[in-house]
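Undergrad: Let me begin by handing over the structure; questions about it come next.
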Amino acid sequence: MKYLSYIAIVALILFIVFRPARVEHVPGEVVRDTIVTNRIDTVRDTVPVPVYESVVDSFPFVVPVPVPSDTVRDTVYLPITQKIYKDSLYTAYVSGYRAKLDSIEVYSKTRTMFVRERAKRKRFGLGVQAGYGFSGNKATPYVGVGVSCNLWEW
């Protein structure tokens, strides 16, 4: 009968430690991702100066030249140019006799910030305890279930 209480305590401890329960583990660190996007509004500014300009071809254009009592037609060759405009936010390609935009590359600014916060651990808990207890004048071993307060973390 004396050993029955010890066997019951050991069985209770083994059941608590190795119980077949679903335990969700909370990670010690919570990671949050914050994406900050800087938007750039349209600002009217001066006309940009082309960085590069080249003559690609020429376009024949017939021009009537009025002469007294007659009209003479003459051909004028108009250059077809290609211009490249560059800035820190874009590169634009413009070409043609009547200039048109061929293509544009826009470089948008995107800044990603990672914010990491540590999850707060619980200060109080319920758990299995082991140690020595003082009753009267002698110290006796103690094993049991009790409420605990966490003073330090490591």
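Residues are referred to by chain and number: the chain letter is A, B, ... according to the order shown in the structure tokens, the number counts from 1 in that chain, and ligands are numbered separately from 1 in the order shown.
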Residues of segment 27-131 of chain A in strand (DSSP E or B) according to DSSP, as a compact mmCIF listing (two decimals) with N, CA and C atoms, in the first residue's frame?
TA:
# COMPACT_ATOMS: atom_id res chain seq x y z
N GLU A 29 9.52 33.50 -32.24
CA GLU A 29 9.68 34.74 -32.96
C GLU A 29 8.61 34.85 -34.04
N VAL A 30 7.93 35.96 -34.08
CA VAL A 30 6.91 36.21 -35.10
C VAL A 30 7.54 37.11 -36.16
N VAL A 31 7.44 36.70 -37.43
CA VAL A 31 8.03 37.49 -38.51
C VAL A 31 6.89 38.13 -39.29
N ARG A 32 6.95 39.44 -39.43
CA ARG A 32 5.96 40.18 -40.21
C ARG A 32 6.69 40.89 -41.33
N ASP A 33 6.12 40.81 -42.52
CA ASP A 33 6.71 41.48 -43.66
C ASP A 33 5.87 42.71 -43.99
N THR A 34 6.53 43.82 -44.12
CA THR A 34 5.85 45.06 -44.47
C THR A 34 6.44 45.54 -45.78
N ILE A 35 5.59 45.74 -46.77
CA ILE A 35 6.06 46.23 -48.06
C ILE A 35 5.62 47.68 -48.19
N VAL A 36 6.59 48.57 -48.33
CA VAL A 36 6.31 49.99 -48.48
C VAL A 36 6.58 50.35 -49.93
N THR A 37 5.59 50.90 -50.61
CA THR A 37 5.75 51.29 -52.00
C THR A 37 5.67 52.80 -52.08
N TYR A 52 20.76 61.06 -76.71
CA TYR A 52 21.36 60.54 -77.94
C TYR A 52 20.40 60.85 -79.09
N GLU A 53 20.95 61.33 -80.22
CA GLU A 53 20.12 61.64 -81.39
C GLU A 53 20.87 61.18 -82.63
N SER A 54 20.18 60.45 -83.50
CA SER A 54 20.81 59.98 -84.74
C SER A 54 19.80 60.04 -85.87
N VAL A 55 20.31 60.24 -87.10
CA VAL A 55 19.46 60.25 -88.29
C VAL A 55 19.38 58.82 -88.80
N VAL A 56 18.17 58.27 -88.82
CA VAL A 56 17.97 56.89 -89.22
C VAL A 56 17.76 56.78 -90.73
N ASP A 57 16.96 57.70 -91.29
CA ASP A 57 16.60 57.65 -92.70
C ASP A 57 16.14 59.04 -93.10
N SER A 58 15.77 59.20 -94.37
CA SER A 58 15.20 60.46 -94.82
C SER A 58 13.91 60.17 -95.56
N PHE A 59 13.00 61.13 -95.53
CA PHE A 59 11.68 60.96 -96.11
C PHE A 59 11.52 61.99 -97.23
N PRO A 60 11.29 61.54 -98.49
CA PRO A 60 11.10 62.52 -99.58
C PRO A 60 9.71 63.17 -99.48
N PHE A 61 9.70 64.48 -99.51
CA PHE A 61 8.45 65.23 -99.40
C PHE A 61 8.40 66.24 -100.54
N VAL A 62 7.35 66.17 -101.36
CA VAL A 62 7.21 67.07 -102.51
C VAL A 62 6.55 68.36 -102.04
N VAL A 63 7.23 69.47 -102.32
CA VAL A 63 6.76 70.78 -101.89
C VAL A 63 6.49 71.64 -103.13
N PRO A 64 5.30 72.21 -103.23
CA PRO A 64 5.06 73.13 -104.35
C PRO A 64 5.71 74.49 -104.07
N VAL A 65 6.44 74.99 -105.05
CA VAL A 65 7.10 76.29 -104.94
C VAL A 65 6.37 77.24 -105.90
N PRO A 66 5.64 78.22 -105.38
CA PRO A 66 4.94 79.13 -106.29
C PRO A 66 5.90 80.11 -106.96
N VAL A 67 5.85 80.12 -108.27
CA VAL A 67 6.63 81.05 -109.09
C VAL A 67 5.58 81.87 -109.86
N ASP A 70 3.42 80.29 -112.67
CA ASP A 70 3.68 78.86 -112.78
C ASP A 70 3.89 78.27 -111.37
N THR A 71 3.80 76.96 -111.25
CA THR A 71 4.06 76.27 -109.99
C THR A 71 5.09 75.18 -110.26
N VAL A 72 6.16 75.26 -109.53
CA VAL A 72 7.24 74.29 -109.66
C VAL A 72 7.20 73.39 -108.41
N ARG A 73 7.37 72.13 -108.65
CA ARG A 73 7.39 71.19 -107.53
C ARG A 73 8.84 70.76 -107.29
N ASP A 74 9.19 70.76 -106.02
CA ASP A 74 10.55 70.38 -105.65
C ASP A 74 10.46 69.35 -104.52
N THR A 75 11.45 68.48 -104.45
CA THR A 75 11.47 67.44 -103.43
C THR A 75 12.42 67.85 -102.32
N VAL A 76 11.91 67.79 -101.13
CA VAL A 76 12.72 68.08 -99.94
C VAL A 76 12.83 66.78 -99.15
N TYR A 77 14.02 66.45 -98.74
CA TYR A 77 14.25 65.23 -97.95
C TYR A 77 14.26 65.61 -96.47
N LEU A 78 13.26 65.11 -95.78
CA LEU A 78 13.15 65.38 -94.35
C LEU A 78 13.81 64.24 -93.57
N PRO A 79 14.68 64.56 -92.63
CA PRO A 79 15.37 63.50 -91.89
C PRO A 79 14.43 62.83 -90.87
N ILE A 80 14.56 61.53 -90.79
CA ILE A 80 13.86 60.76 -89.75
C ILE A 80 14.88 60.48 -88.66
N THR A 81 14.64 61.03 -87.50
CA THR A 81 15.62 60.90 -86.42
C THR A 81 15.08 60.01 -85.31
N GLN A 82 16.02 59.46 -84.57
CA GLN A 82 15.67 58.71 -83.37
C GLN A 82 16.35 59.39 -82.20
N LYS A 83 15.56 59.68 -81.16
CA LYS A 83 16.09 60.35 -79.98
C LYS A 83 15.85 59.47 -78.75
N ILE A 84 16.79 59.51 -77.85
CA ILE A 84 16.68 58.76 -76.60
C ILE A 84 16.70 59.75 -75.44
N TYR A 85 15.67 59.69 -74.63
CA TYR A 85 15.57 60.52 -73.44
C TYR A 85 15.76 59.63 -72.22
N LYS A 86 16.67 60.06 -71.32
CA LYS A 86 16.96 59.26 -70.13
C LYS A 86 16.83 60.11 -68.88
N TYR A 90 13.13 56.82 -66.00
CA TYR A 90 12.64 56.30 -67.28
C TYR A 90 13.71 56.40 -68.36
N THR A 91 13.53 55.63 -69.44
CA THR A 91 14.28 55.75 -70.69
C THR A 91 13.25 55.67 -71.80
N ALA A 92 13.19 56.72 -72.64
CA ALA A 92 12.18 56.78 -73.70
C ALA A 92 12.87 56.85 -75.05
N TYR A 93 12.34 56.09 -76.04
CA TYR A 93 12.85 56.08 -77.41
C TYR A 93 11.78 56.72 -78.30
N VAL A 94 12.14 57.83 -78.96
CA VAL A 94 11.22 58.57 -79.82
C VAL A 94 11.84 58.64 -81.20
N SER A 95 11.06 58.34 -82.25
CA SER A 95 11.61 58.42 -83.61
C SER A 95 10.51 58.75 -84.60
N GLY A 96 10.94 59.14 -85.80
CA GLY A 96 10.00 59.36 -86.90
C GLY A 96 10.02 60.78 -87.42
N LYS A 100 7.03 60.04 -82.77
CA LYS A 100 6.14 59.23 -81.94
C LYS A 100 7.00 58.41 -80.98
N LEU A 101 6.39 58.01 -79.90
CA LEU A 101 7.09 57.24 -78.88
C LEU A 101 7.17 55.79 -79.32
N ASP A 102 8.40 55.27 -79.47
CA ASP A 102 8.59 53.87 -79.85
C ASP A 102 8.44 52.95 -78.64
N SER A 103 9.18 53.25 -77.60
CA SER A 103 9.09 52.45 -76.38
C SER A 103 9.56 53.28 -75.20
N ILE A 104 9.16 52.83 -74.03
CA ILE A 104 9.56 53.51 -72.80
C ILE A 104 9.79 52.46 -71.71
N GLU A 105 10.83 52.65 -70.95
CA GLU A 105 11.13 51.79 -69.81
C GLU A 105 10.98 52.65 -68.56
N VAL A 106 10.10 52.25 -67.67
CA VAL A 106 9.85 53.00 -66.44
C VAL A 106 10.46 52.24 -65.28
N THR A 110 10.61 50.77 -55.43
CA THR A 110 9.92 49.92 -54.47
C THR A 110 10.89 49.64 -53.32
N ARG A 111 10.42 49.89 -52.13
CA ARG A 111 11.26 49.66 -50.96
C ARG A 111 10.57 48.63 -50.08
N THR A 112 11.29 47.58 -49.71
CA THR A 112 10.73 46.52 -48.88
C THR A 112 11.37 46.60 -47.50
N MET A 113 10.53 46.64 -46.49
CA MET A 113 11.02 46.68 -45.12
C MET A 113 10.56 45.42 -44.41
N PHE A 114 11.46 44.81 -43.68
CA PHE A 114 11.14 43.63 -42.89
C PHE A 114 11.10 44.04 -41.42
N VAL A 115 9.95 43.86 -40.81
CA VAL A 115 9.77 44.21 -39.40
C VAL A 115 9.64 42.91 -38.63
N ARG A 116 10.51 42.71 -37.68
CA ARG A 116 10.48 41.48 -36.89
C ARG A 116 10.12 41.84 -35.44
N GLU A 117 9.14 41.13 -34.93
CA GLU A 117 8.73 41.33 -33.55
C GLU A 117 8.80 40.00 -32.81
N ARG A 118 9.32 40.06 -31.62
CA ARG A 118 9.37 38.85 -30.81
C ARG A 118 8.03 38.67 -30.11
N PHE A 124 3.22 33.47 -16.46
CA PHE A 124 2.72 32.46 -15.54
C PHE A 124 2.39 31.18 -16.30
N GLY A 125 2.49 30.05 -15.61
CA GLY A 125 2.19 28.78 -16.26
C GLY A 125 1.85 27.70 -15.25
N LEU A 126 1.38 26.61 -15.79
CA LEU A 126 1.03 25.45 -14.99
C LEU A 126 1.95 24.32 -15.43
N GLY A 127 2.64 23.66 -14.50
CA GLY A 127 3.57 22.64 -14.92
C GLY A 127 3.92 21.65 -13.83
N VAL A 128 4.73 20.69 -14.23
CA VAL A 128 5.21 19.67 -13.30
C VAL A 128 6.41 20.25 -12.57
N GLN A 129 6.45 20.05 -11.28
CA GLN A 129 7.54 20.60 -10.48
C GLN A 129 8.21 19.48 -9.70
N ALA A 130 9.50 19.66 -9.50
CA ALA A 130 10.26 18.71 -8.69
C ALA A 130 11.25 19.51 -7.85
N GLY A 131 11.50 19.07 -6.66
CA GLY A 131 12.44 19.78 -5.82
C GLY A 131 12.40 19.26 -4.40
Undergrad: Separation of atom CA of Ser148 of chain A and atom CA of Leu4 of chain A, in Å?
TA: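 Going from atom CA of Ser148 of chain A over to atom CA of Leu4 of chain A, I get 27.6 Å.
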Undergrad: Would you mind writing down, as a PyMOL selection string, each residue of chain A that DSSP on the backbone assigns to alpha helix (DSSP H)?
TA: chain A and resi 2-17
Undergrad: Do you have the atom CA of Tyr107 of chain A-atom CA of Leu89 of chain A distance handy?
TA: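 Between these atoms lies a distance of 4.8 Å.
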Undergrad: Give me, as a list in words, all polymer residues having an atom no more than 12 Å from Val10 of chain A, counting only C-alpha atoms and skipping those fewer than 6 positions away in the same chain.
TA: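 These residues fall inside the cut-off: Tyr3, Leu4, Ile16, Val17, Phe18, Val128, Val143 and Gly144 of chain A.
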Undergrad: What's the separation between atom CA of Leu12 of chain A and atom CA of Lys138 of chain A, in Å to one decimal place?
TA: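 Atom CA of Leu12 of chain A sits 25.9 Å away from atom CA of Lys138 of chain A.
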